[in-house]
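J.: This one is model01.cif, mmCIF, N, CA and C atoms, pLDDT in the B column; chains and numbers go by the auth columns.
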data_work
#
loop_
_atom_site.group_PDB
_atom_site.id
_atom_site.type_symbol
_atom_site.label_atom_id
_atom_site.label_comp_id
_atom_site.label_asym_id
_atom_site.label_seq_id
_atom_site.Cartn_x
_atom_site.Cartn_y
_atom_site.Cartn_z
_atom_site.B_iso_or_equiv
_atom_site.auth_seq_id
_atom_site.auth_asym_id
ATOM 1 N N GLU A 1 61.039 39.525 185.347 82.00 401 Y
ATOM 2 C CA GLU A 1 60.027 38.484 185.365 82.00 401 Y
ATOM 3 C C GLU A 1 60.407 37.374 186.336 82.00 401 Y
ATOM 4 N N ASP A 2 61.700 37.121 186.479 90.00 402 Y
ATOM 5 C CA ASP A 2 62.141 36.085 187.407 90.00 402 Y
ATOM 6 C C ASP A 2 61.763 36.442 188.838 90.00 402 Y
ATOM 7 N N TYR A 3 61.896 37.723 189.194 91.00 403 Y
ATOM 8 C CA TYR A 3 61.535 38.157 190.550 91.00 403 Y
ATOM 9 C C TYR A 3 60.042 37.989 190.796 91.00 403 Y
ATOM 10 N N LEU A 4 59.232 38.284 189.800 91.00 404 Y
ATOM 11 C CA LEU A 4 57.785 38.107 189.938 91.00 404 Y
ATOM 12 C C LEU A 4 57.427 36.638 190.103 91.00 404 Y
ATOM 13 N N ARG A 5 58.064 35.792 189.326 93.00 405 Y
ATOM 14 C CA ARG A 5 57.771 34.363 189.388 93.00 405 Y
ATOM 15 C C ARG A 5 58.124 33.796 190.762 93.00 405 Y
ATOM 16 N N ARG A 6 59.212 34.321 191.359 93.00 406 Y
ATOM 17 C CA ARG A 6 59.649 33.841 192.675 93.00 406 Y
ATOM 18 C C ARG A 6 59.015 34.620 193.827 93.00 406 Y
ATOM 19 N N HIS A 7 58.192 35.623 193.520 91.00 407 Y
ATOM 20 C CA HIS A 7 57.594 36.487 194.556 91.00 407 Y
ATOM 21 C C HIS A 7 58.689 37.068 195.448 91.00 407 Y
ATOM 22 N N ASP A 8 59.713 37.661 194.824 89.00 408 Y
ATOM 23 C CA ASP A 8 60.914 38.105 195.530 89.00 408 Y
ATOM 24 C C ASP A 8 61.134 39.604 195.319 89.00 408 Y
ATOM 25 N N ALA A 9 60.318 40.413 195.954 85.00 409 Y
ATOM 26 C CA ALA A 9 60.430 41.864 195.800 85.00 409 Y
ATOM 27 C C ALA A 9 61.706 42.404 196.443 85.00 409 Y
ATOM 28 N N THR A 10 62.143 41.804 197.543 84.00 410 Y
ATOM 29 C CA THR A 10 63.328 42.295 198.241 84.00 410 Y
ATOM 30 C C THR A 10 64.560 42.260 197.344 84.00 410 Y
ATOM 31 N N SER A 11 64.806 41.135 196.694 88.00 411 Y
ATOM 32 C CA SER A 11 65.976 41.036 195.810 88.00 411 Y
ATOM 33 C C SER A 11 65.874 41.998 194.642 88.00 411 Y
ATOM 34 N N PHE A 12 64.671 42.187 194.106 88.00 412 Y
ATOM 35 C CA PHE A 12 64.474 43.117 192.995 88.00 412 Y
ATOM 36 C C PHE A 12 64.865 44.531 193.402 88.00 412 Y
ATOM 37 N N PHE A 13 64.343 45.007 194.528 85.00 413 Y
ATOM 38 C CA PHE A 13 64.634 46.376 194.949 85.00 413 Y
ATOM 39 C C PHE A 13 66.069 46.543 195.431 85.00 413 Y
ATOM 40 N N GLU A 14 66.688 45.484 195.975 86.00 414 Y
ATOM 41 C CA GLU A 14 68.111 45.564 196.315 86.00 414 Y
ATOM 42 C C GLU A 14 68.943 45.749 195.053 86.00 414 Y
ATOM 43 N N LYS A 15 68.572 45.067 193.979 88.00 415 Y
ATOM 44 C CA LYS A 15 69.343 45.148 192.736 88.00 415 Y
ATOM 45 C C LYS A 15 69.239 46.525 192.090 88.00 415 Y
ATOM 46 N N ILE A 16 68.042 47.133 192.091 89.00 416 Y
ATOM 47 C CA ILE A 16 67.902 48.438 191.444 89.00 416 Y
ATOM 48 C C ILE A 16 68.262 49.585 192.384 89.00 416 Y
ATOM 49 N N ASN A 17 68.491 49.272 193.682 85.00 417 Y
ATOM 50 C CA ASN A 17 68.925 50.263 194.670 85.00 417 Y
ATOM 51 C C ASN A 17 68.022 51.493 194.665 85.00 417 Y
ATOM 52 N N ASP A 18 66.732 51.259 194.903 79.00 418 Y
ATOM 53 C CA ASP A 18 65.743 52.336 194.815 79.00 418 Y
ATOM 54 C C ASP A 18 65.051 52.580 196.155 79.00 418 Y
ATOM 55 N N GLY A 19 65.813 52.819 197.194 75.00 419 Y
ATOM 56 C CA GLY A 19 65.248 53.232 198.470 75.00 419 Y
ATOM 57 C C GLY A 19 64.591 52.135 199.284 75.00 419 Y
ATOM 58 N N LEU A 20 65.062 50.899 199.150 78.00 420 Y
ATOM 59 C CA LEU A 20 64.496 49.799 199.924 78.00 420 Y
ATOM 60 C C LEU A 20 64.850 49.982 201.395 78.00 420 Y
ATOM 61 N N ILE A 21 63.848 49.900 202.253 80.00 421 Y
ATOM 62 C CA ILE A 21 64.059 49.997 203.697 80.00 421 Y
ATOM 63 C C ILE A 21 63.704 48.649 204.309 80.00 421 Y
ATOM 64 N N ILE A 22 64.674 48.017 204.953 79.00 422 Y
ATOM 65 C CA ILE A 22 64.445 46.725 205.597 79.00 422 Y
ATOM 66 C C ILE A 22 64.400 46.967 207.098 79.00 422 Y
ATOM 67 N N THR A 23 63.250 46.718 207.704 78.00 423 Y
ATOM 68 C CA THR A 23 63.074 47.008 209.123 78.00 423 Y
ATOM 69 C C THR A 23 63.397 45.830 210.022 78.00 423 Y
ATOM 70 N N GLY A 24 63.392 44.622 209.493 79.00 424 Y
ATOM 71 C CA GLY A 24 63.655 43.442 210.296 79.00 424 Y
ATOM 72 C C GLY A 24 62.379 42.894 210.902 79.00 424 Y
ATOM 73 N N PRO A 25 62.511 41.857 211.714 76.00 425 Y
ATOM 74 C CA PRO A 25 61.332 41.235 212.308 76.00 425 Y
ATOM 75 C C PRO A 25 60.621 42.186 213.269 76.00 425 Y
ATOM 76 N N THR A 26 59.301 42.136 213.259 74.00 426 Y
ATOM 77 C CA THR A 26 58.523 43.026 214.122 74.00 426 Y
ATOM 78 C C THR A 26 58.164 42.384 215.453 74.00 426 Y
ATOM 79 N N GLY A 27 58.253 41.050 215.513 75.00 427 Y
ATOM 80 C CA GLY A 27 57.899 40.368 216.748 75.00 427 Y
ATOM 81 C C GLY A 27 56.402 40.222 216.941 75.00 427 Y
ATOM 82 N N THR A 28 55.626 40.471 215.884 73.00 428 Y
ATOM 83 C CA THR A 28 54.177 40.322 215.971 73.00 428 Y
ATOM 84 C C THR A 28 53.717 39.210 215.050 73.00 428 Y
ATOM 85 N N ASN A 29 52.541 38.711 215.300 67.00 429 Y
ATOM 86 C CA ASN A 29 51.963 37.652 214.481 67.00 429 Y
ATOM 87 C C ASN A 29 50.753 38.195 213.741 67.00 429 Y
ATOM 88 N N VAL A 30 50.985 39.125 212.831 68.00 430 Y
ATOM 89 C CA VAL A 30 49.901 39.784 212.103 68.00 430 Y
ATOM 90 C C VAL A 30 49.106 38.772 211.289 68.00 430 Y
ATOM 91 N N ASN A 31 49.763 37.809 210.676 63.00 431 Y
ATOM 92 C CA ASN A 31 49.045 36.809 209.885 63.00 431 Y
ATOM 93 C C ASN A 31 48.126 35.967 210.752 63.00 431 Y
ATOM 94 N N ASP A 32 48.528 35.662 211.976 64.00 432 Y
ATOM 95 C CA ASP A 32 47.660 34.912 212.880 64.00 432 Y
ATOM 96 C C ASP A 32 46.403 35.702 213.200 64.00 432 Y
ATOM 97 N N ILE A 33 46.541 36.991 213.431 64.00 433 Y
ATOM 98 C CA ILE A 33 45.384 37.840 213.729 64.00 433 Y
ATOM 99 C C ILE A 33 44.456 37.903 212.529 64.00 433 Y
ATOM 100 N N LEU A 34 45.000 38.027 211.340 59.00 434 Y
ATOM 101 C CA LEU A 34 44.193 38.076 210.127 59.00 434 Y
ATOM 102 C C LEU A 34 43.425 36.778 209.945 59.00 434 Y
ATOM 103 N N MET A 35 44.068 35.652 210.195 58.00 435 Y
ATOM 104 C CA MET A 35 43.391 34.371 210.043 58.00 435 Y
ATOM 105 C C MET A 35 42.232 34.257 211.027 58.00 435 Y
ATOM 106 N N LEU A 36 42.430 34.676 212.257 59.00 436 Y
ATOM 107 C CA LEU A 36 41.357 34.625 213.246 59.00 436 Y
ATOM 108 C C LEU A 36 40.211 35.552 212.863 59.00 436 Y
ATOM 109 N N ALA A 37 40.525 36.691 212.277 62.00 437 Y
ATOM 110 C CA ALA A 37 39.488 37.641 211.886 62.00 437 Y
ATOM 111 C C ALA A 37 38.648 37.109 210.736 62.00 437 Y
ATOM 112 N N THR A 38 39.238 36.302 209.856 61.00 438 Y
ATOM 113 C CA THR A 38 38.486 35.786 208.715 61.00 438 Y
ATOM 114 C C THR A 38 37.686 34.551 209.062 61.00 438 Y
ATOM 115 N N LEU A 39 38.020 33.877 210.162 58.00 439 Y
ATOM 116 C CA LEU A 39 37.252 32.700 210.572 58.00 439 Y
ATOM 117 C C LEU A 39 35.975 33.161 211.188 58.00 439 Y
#
Mind turning this structure into structure tokens?

T.:
Amino acid sequence: EDYLRRHDATSFFEKINDGLIITGPTGTNVNDILMLATL
């Protein structure tokens, strides 16, 4: 429940060691594109 409250999925999956794949930064601004699309 603590992970849900903190919106921290990464720490949760690191703790249970269940196939978490961390790819790192993508270098894209996907959120910026989404914001422009909704305006």

J.: Could you check how far atom CA of Pro425 of chain Y sits from atom CA of Glu401 of chain Y, in Å to one decimal?

T.: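 Distance reported for this atom pair: 27.1 Å.
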
J.: Could you tell me how far atom CA of Thr428 of chain Y lies from atom CA of Asp408 of chain Y, in Å and to one decimal?

T.: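 Computed distance, atom CA of Thr428 of chain Y to atom CA of Asp408 of chain Y, equals 21.6 Å.
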
J.: Please, what is the axis-aligned box for every listed atom of segment 405-423 of chain Y with 6 Å on each side, as centre and edge lengths in Å to one decimal, as JSON?

T.:
{"center_x": 63.5, "center_y": 43.5, "center_z": 199.7, "size_x": 23.7, "size_y": 31.4, "size_z": 32.7}

J.: Between atom C of Lys415 of chain Y and atom C of Gly427 of chain Y, what is the spacing in Å?

T.: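 Distance between the two atoms: 28.7 Å.
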
J.: Which residues, written as number ranges by chain, have at least one atom at most 12 Å from Ser411 of chain Y, with only C-alpha atoms counted and residues fewer than 5 positions away on the same chain left out?

T.: Y: 402-404, 406, 416-418, 420, 422
